[in-house]
Number of protein chains: 4
Amino acid sequence: MNFASDNWAGATEPVMAALARHQAGAVPSYGVDPISKSVTDRLSEIFEREVAVFFVGTGSAANALALSAYAKPGAAFFCHPDAHIQVDECGCPEFFTGGGKLVSVPGENGKMSPQALETAIAAFPEGVVHHGQAAAVSITQATESGTVHSLDEIRAIKAVAQTRGLPLHMDGARFANALVSLGCSPADMTWRAGVDVLSFGATKNGCWCAEAVVFFDAEATRGFEYARKRAGHLFSKSRFIAAQFEGYLADDNWLATAAHANDMALRLAEGIREAGGRTAWPVEANELFPILKKADADRLKAGGAFFYEWPASGVPAEAGPKEDEVCLRLVTSFATTEADVERFREILAGS
Amino acid sequence: MNFASDNWAGATEPVMAALARHQAGAVPSYGVDPISKSVTDRLSEIFEREVAVFFVGTGSAANALALSAYAKPGAAFFCHPDAHIQVDECGCPEFFTGGGKLVSVPGENGKMSPQALETAIAAFPEGVVHHGQAAAVSITQATESGTVHSLDEIRAIKAVAQTRGLPLHMDGARFANALVSLGCSPADMTWRAGVDVLSFGATKNGCWCAEAVVFFDAEATRGFEYARKRAGHLFSKSRFIAAQFEGYLADDNWLATAAHANDMALRLAEGIREAGGRTAWPVEANELFPILKKADADRLKAGGAFFYEWPASGVPAEAGPKEDEVCLRLVTSFATTEADVERFREILAGS
Amino acid sequence: MNFASDNWAGATEPVMAALARHQAGAVPSYGVDPISKSVTDRLSEIFEREVAVFFVGTGSAANALALSAYAKPGAAFFCHPDAHIQVDECGCPEFFTGGGKLVSVPGENGKMSPQALETAIAAFPEGVVHHGQAAAVSITQATESGTVHSLDEIRAIKAVAQTRGLPLHMDGARFANALVSLGCSPADMTWRAGVDVLSFGATKNGCWCAEAVVFFDAEATRGFEYARKRAGHLFSKSRFIAAQFEGYLADDNWLATAAHANDMALRLAEGIREAGGRTAWPVEANELFPILKKADADRLKAGGAFFYEWPASGVPAEAGPKEDEVCLRLVTSFATTEADVERFREILAGS
Amino acid sequence: MNFASDNWAGATEPVMAALARHQAGAVPSYGVDPISKSVTDRLSEIFEREVAVFFVGTGSAANALALSAYAKPGAAFFCHPDAHIQVDECGCPEFFTGGGKLVSVPGENGKMSPQALETAIAAFPEGVVHHGQAAAVSITQATESGTVHSLDEIRAIKAVAQTRGLPLHMDGARFANALVSLGCSPADMTWRAGVDVLSFGATKNGCWCAEAVVFFDAEATRGFEYARKRAGHLFSKSRFIAAQFEGYLADDNWLATAAHANDMALRLAEGIREAGGRTAWPVEANELFPILKKADADRLKAGGAFFYEWPASGVPAEAGPKEDEVCLRLVTSFATTEADVERFREILAGS
């Protein structure tokens with residue numbers, strides 16, 4: 001029973017089939033192959049407008065390179081304190097932006113508050129050389145707390161960003177999970193809501209290493225291919241990233257796997273509620289953070305469930321874990337089975 | 001007939017089979033999976049000593065990260081003017097080393113001359129703050145000119161490096177091709193000859209994206225896992241790089257594909273000689289640089305051969321291409337067929 | 001009446017006299033002159049042990065270079081949220097450390113709380129590659145809130161740092177002001193309390209551009225001269241920085257000017273108290289942050305006093321400025337006259 | 001007899017007088033003081049157009065920051081192999097440009113050949129991501145070989161740069177010496193000849209630390225104040241750099257000191273010729289590189305002359321030093337006296 005991470009899962013059948021399909025034959029390297037071209041066209045269709053697409057190998061690279069397109073001396077990037085770029089990328093964004101500063105902007109449920117963003121940006125007034133320059137805002141969709149920004153919430157953040165002309169980056173490591181959660185179109189969740197550049201993640205949702213930086217802001221792509229190459233993220237046999245996307249996007253596979261993972265998460269949440277537990281944040285995608293009795297957590301572990309304990313950071317003390325409780329992170333994926341979920345619920349229910 | 005690049009080839013059967021074999025199932029992410037462990041053990045066997053292995057996705061990343069392990073303020077890295085790190089990585093080594101300088105050290109046949117290296121290093125005397133600090137020496141094996149350093153040549157370069165305590169890096173993007181060319185052991189071609197860190201490339205020789213930084217210098221690995229992560233080169237589903245290596249190394253597949261590619265190159269060279277052509281440099285691995293009549297080159301192109309024209313840089317004027325001649329680069333790979341080679345030879349022979 | 005900044009002041013007579021004294025004559029450049037040597041010896045005397053001294057031109061350079069001596073991939077540096085390195089150096093520390101992250105550690109009166117430091121460091125557990133590496137702790141003495149760490153407070157912070165082997169940096173832009181405030185020795189306030197490297201500032205206290213990075217940690221100085229040169233901070237006519245220090249340190253001039261500035265600050269504080277005002281933080285050096293009626297502040301401005309309004313950040317709401325109040329920053333220096341102070345008090349008192 | 005470096009000299013009377021004149025009094029810090037304003041206005045007059053002026057403390061900082069204004073991923077900057085930025089700045093340009101590559105472009109007499117520049121730029125074809133991006137061309141005026149580019153030579157280099165839209169940087173560490181050598185106007189030697197940004201050096205010619213980045217390209221100054229601050233090169237008491245320039249530029253002092261230095265160099269050259277010696281390159285400013293008998297050099301040293309031996313790099317073998325000869329560098333400055341020169345000539349003449 002793997003609930004440790006969606007990264008522990010392998011790859012889906014369609015993705016592996018696409019890799020196999022393109023195994024042989026000579027095609028130009030470094031991204032100018034026909035498969036890359038057709039995937040880019042497909043993404044333009046999906047986003048309902050022409051997009052610039054740059055494949056990379058990891059989500060950290062996608063995020064940090066995307067931000068680097070907006071780097072400037074003394075740059076400040078605004079993100080939630082729990083954002084992956086702030087907490088989990090070992091300084092990659094700072095490194096790729098030549099020493100940018102990631103400013104934490106608090107907010108409930110893993111989402112920055114627009115008011116807090118306003119305050120944070122105000123600390124970087126234009127023309128005051130000492131504090132540096134506000135450079136961009138970054139949100140994560142779905143968030144690191146397993147929640148999903150509504151379209152209105154994205155628009156509200158963008159509205160604040162726009163008062164200073166700041167671009168909006170979306171870390172979409174779990175883009176598909178958020179998308180099926182909202183039930184809106186990719187265009188609605190991105191550029192129509194004000195997103196300028198997207199880290200379009202496919203790895204967690206069934207590829208093995210397929211990430212893309214998708215620009216809706218054509219101007220920002222100037223020199224970006226050089227930035228990617230300089231970071232060692234232009235793959236010679238780039239067709240194999242494209243191939244993964246081909247299998248991923250075909251027949252709406254990506255939406256189906258995301259819907260499955262979200263569904264598994266909801267069923268786990270249901271089981272937790274039934275067993276008298278609660279979650280630190282609403283369950284809106286494929287991650288959930290149950291607060292359980294330590295004894296229950298131990299029993300689950302003993303029963304073969306893999307998961308991590310997690311700090312319920314930002315959760316008000318009265319709602320957070322009590323002395324005999326613990327907060328866990330459970331992550332579901334395309335590979336999570338109903339049997340896994342049922343077994344988890346059974347152990348928790350004590351049967 | 002692809003002779004444009006070994007990067008135009010796909011992946012070998014054993015590599016794809018290994019990917020498929022590990023497609024499903026939950027394993028820990030970020031490189032602590034059992035497949036990564038077993039491949040690392042296998043590499044220690046192959047190199048006849050314990051080695052530290054760091055998987056990355058591209059050869060540029062491997063090279064630049066390897067050099068970054070020896071970075072210091074004002075660092076100078078010494079390499080051949082045609083080295084991939086100098087010419088073909090868009091400043092990735094400079095970027096990852098925080099602004100290191102790549103100093104070109106000339107020499108014949110794509111290999112730096114030890115005497116020239118001595119002169120180059122002498123321009124960075126110890127304690128003279130203005131010029132910076134000599135940091136490391138880097139060689140490419142096989143070279144960008146399709147030649148292979150003999151063990152004596154590697155040792156001679158190391159001997160010069162050692163006078164100043166400089167580590168020796170080997171860019172092994174075509175490591176296997178060089179190895180079968182020399183017919184020596186991996187240990188002989190690396191640490192026994194003085195190599196401290198190796199970019200062990202597998203992509204060109206049949207994987208789709210499998211590169212490893214292999215350290216023989218344990219001290220230099222301190223903090224290296226952070227450097228890799230900071231550069232966005234730690235893959236979440238890292239098992240799939242390991243899997244490629246598993247297939248690559250099994251049953252000496254890697255040596256067989258390299259031997260095949262080298263053999264195809266020799267046969268092409270034979271055909272060129274028979275047709276009255278010559279090569280800019282000796283043919284010792286899987287790249288050759290024929291100097292042909294332009295008309296012949298045009299006929300080959302028209303006949304369906306893919307290749308690039310190439311500057312015969314460093315070749316003495318009298319040996320280089322004359323007015324009606326052109327220098328080409330032909331690259332063979334595991335995927336090159338005897339039929340391709342025969343067809344090429346036939347067209348060239350005018351039949 | 002300049003209370004805007006100690007940077008608005010010029011230079012003291014002894015400093016200018018020293019510059020004039022060394023105006024003519026040929027001496028070796030780039031810091032190997034006899035004046036630099038004698039100043040370094042003098043600093044070793046002052047600190048009661050051999051120290052390594054590196055002159056630079058600005059406080060930002062001193063701080064950022066000092067931190068860069070401890071840089072590593074994914075480095076985290078811990079400082080107070082109001083620290084100069086965090087707020088006022090336009091990303092210089094991030095830039096010079098190759099993308100380090102400055103982690104804000106809260107605490108009262110401009111000083112980080114040791115408990116908060118413990119928590120902050122714990123977020124970077126050893127061996128967890130995602131979060132990066134704890135690298136160093138930095139405190140400011142005197143603080144940006146005009147307070148001074150006691151020796152016990154410094155030791156308590158060092159004790160936490162030491163649990164993870166982290167070096168302690170002291171931003172001593174107002175070192176002399178803190179020193180005379182505590183009445184202890186330079187050795188007591190630095191290495192005896194656990195400081196490993198000090199930005200020894202002299203500019204604000206009467207030089208025009210004289211800053212030094214003073215290392216008590218000999219190991220960390222390896223390559224530091226290259227780091228300084230690479231940052232463009234090795235002055236060719238370096239003797240003139242040394243000359244400023246010569247005049248500054250002679251006859252305890254530096255302690256006298258600092259004592260004067262502190263005294264002026266205390267007198268201002270007295271006047272504010274008498275007028276029914278209060279300060280946001282205790283007045284312990286040469287900066288004070290009065291909370292006054294807006295009308296009073298306006299009257300002072302109209303009367304010719306220069307100062308900045310200041311956010312009373314971190315001050316509890318009940319103690320902070322009310323609707324009709326404003327928090328100001330007043331800074332005194334060697335150049336502040338008793339007449340200035342009296343005039344300020346008179347205006348404030350309404351006479 | 002100091003001929004070791006113009007950096008061994010102190011500061012001129014007018015410069016010290018200006019420092020003393022502005023010693024006292026409160027003026028705004030960080031460059032917004034009236035002295036900085038008036039010096040900037042004066043420079044606009046001198047250059048016969050509005051210029052943007054950024055004071056910094058060292059020539060390395062001026063050069064590296066100027067280049068950083070044109071940095072981009074994989075940037076290549078073209079300069080002579082003997083350029084100060086290539087040889088003597090410990091990687092500061094590489095560091096400040098985020099890992100730019102300095103490409104050596106050979107040419108006689110310390111000046112790059114336009115043909116060689118054309119070839120060098122051609123190695124960075126537009127759109128070829130592997131090699132990086134041509135970013136800017138940098139020349140030194142006067143050169144490191146003691147020669148001066150004619151206006152036609154500057155224009156010819158600019159013409160090549162312009163074919164690719166590349167900006168032209170001039171390292172003017174010895175700007176005044178070149179200017180009086182050519183006898184032209186500052187405007188003629190810079191923007192009218194195609195220079196976009198100038199490192200306007202005053203330190204070597206009589207200031208103690210006064211350098212300015214002067215932009216003729218207004219677009220490139222966007223964000224430059226942040227770049228300077230981020231590098232720790234915005235001085236708090238910036239008025240003192242301005243004051244030095246005030247004294248330097250007043251009454252054409254700068255031209256007088258440069259003319260004197262050049263004259264001293266010419267007289268030294270005359271003495272060398274008379275003694276049967278020769279120079280490696282023409283003597284056109286305040287540096288000369290005599291090739292003398294070793295015995296003569298030893299006698300000069302014994303007689304109290306300070307100078308460095310120098311590699312006569314790039315000088316054809318037949319013109320370079322023979323076995324019993326040595327190449328020296330002699331540098332004159334405002335502080336060089338006729339008596340020094342006469343004494344040198346006497347010793348050399350053997351009297």
# chains A, B, ... in the order shown; residues from 1 in each chain; ligands from 1

$ select_by_dssp --residues "range 100-323 of chain D" --states "alpha helix (DSSP H)" --output "PyMOL selection string"
chain D and resi 114-122+151-162+175-182+186-189+224-230+239-249+253-274+294-302

$ interface_residues --of "chain C" --to "chain B" --cutoff "6 Å" --atoms "only C-alpha atoms" --output "list in words"
Pro73, Val129, Tyr226 and Ala227 of chain C

$ residues_around --residues "Ala9 in chain A" --least-positions-apart "4" --cutoff "7 Å" --atoms "only C-alpha atoms" --output "JSON, numbers by chain"
{"A": [335], "B": [24, 25, 26, 27]}

$ write_last_selection --atoms "N, CA and C atoms" --output "compact mmCIF listing (two decimals), in the first residue's frame"
# COMPACT_ATOMS: atom_id res chain seq x y z
N ALA A 335 -1.64 4.58 -9.91
CA ALA A 335 -1.32 3.19 -9.57
C ALA A 335 -1.99 2.73 -8.27
N ALA B 24 6.13 -1.03 -13.58
CA ALA B 24 5.10 -1.00 -12.53
C ALA B 24 5.71 -1.22 -11.15
N GLY B 25 4.87 -1.07 -10.14
CA GLY B 25 5.33 -1.30 -8.79
C GLY B 25 5.82 -0.02 -8.14
N ALA B 26 5.68 0.01 -6.82
CA ALA B 26 6.08 1.20 -6.07
C ALA B 26 7.48 1.02 -5.51
N VAL B 27 8.37 1.93 -5.85
CA VAL B 27 9.70 1.92 -5.24
C VAL B 27 10.02 3.35 -4.79

$ residues_around --residues "Arg155 in chain B" --least-positions-apart "5" --cutoff "9 Å" --atoms "only C-alpha atoms" --output "PyMOL selection string"
chain B and resi 150+160+192-195

$ residues_around --residues "Ala122 in chain B" --least-positions-apart "4" --cutoff "10 Å" --atoms "only C-alpha atoms" --output "PyMOL selection string"
chain B and resi 116-118+126+134+164

$ write_last_selection --atoms "N, CA, C and O atoms" --output "compact mmCIF listing (two decimals), in the first residue's frame"
# COMPACT_ATOMS: atom_id res chain seq x y z
N ALA B 116 51.59 21.91 -23.87
CA ALA B 116 50.69 23.06 -23.89
C ALA B 116 49.94 23.18 -22.58
O ALA B 116 49.66 24.29 -22.10
N LEU B 117 49.62 22.06 -21.97
CA LEU B 117 48.93 22.09 -20.68
C LEU B 117 49.84 22.72 -19.62
O LEU B 117 49.40 23.54 -18.81
N GLU B 118 51.10 22.34 -19.68
CA GLU B 118 52.05 22.91 -18.71
C GLU B 118 52.10 24.42 -18.84
O GLU B 118 52.06 25.15 -17.83
N GLU B 126 50.31 29.95 -8.45
CA GLU B 126 49.67 29.92 -7.13
C GLU B 126 49.89 31.23 -6.39
O GLU B 126 50.99 31.77 -6.39
N ALA B 134 44.00 27.70 -10.93
CA ALA B 134 43.88 26.45 -11.69
C ALA B 134 43.04 25.48 -10.87
O ALA B 134 43.26 25.32 -9.67
N ARG B 164 50.55 20.31 -10.08
CA ARG B 164 49.85 21.37 -9.35
C ARG B 164 48.67 20.82 -8.55
O ARG B 164 47.79 21.57 -8.10
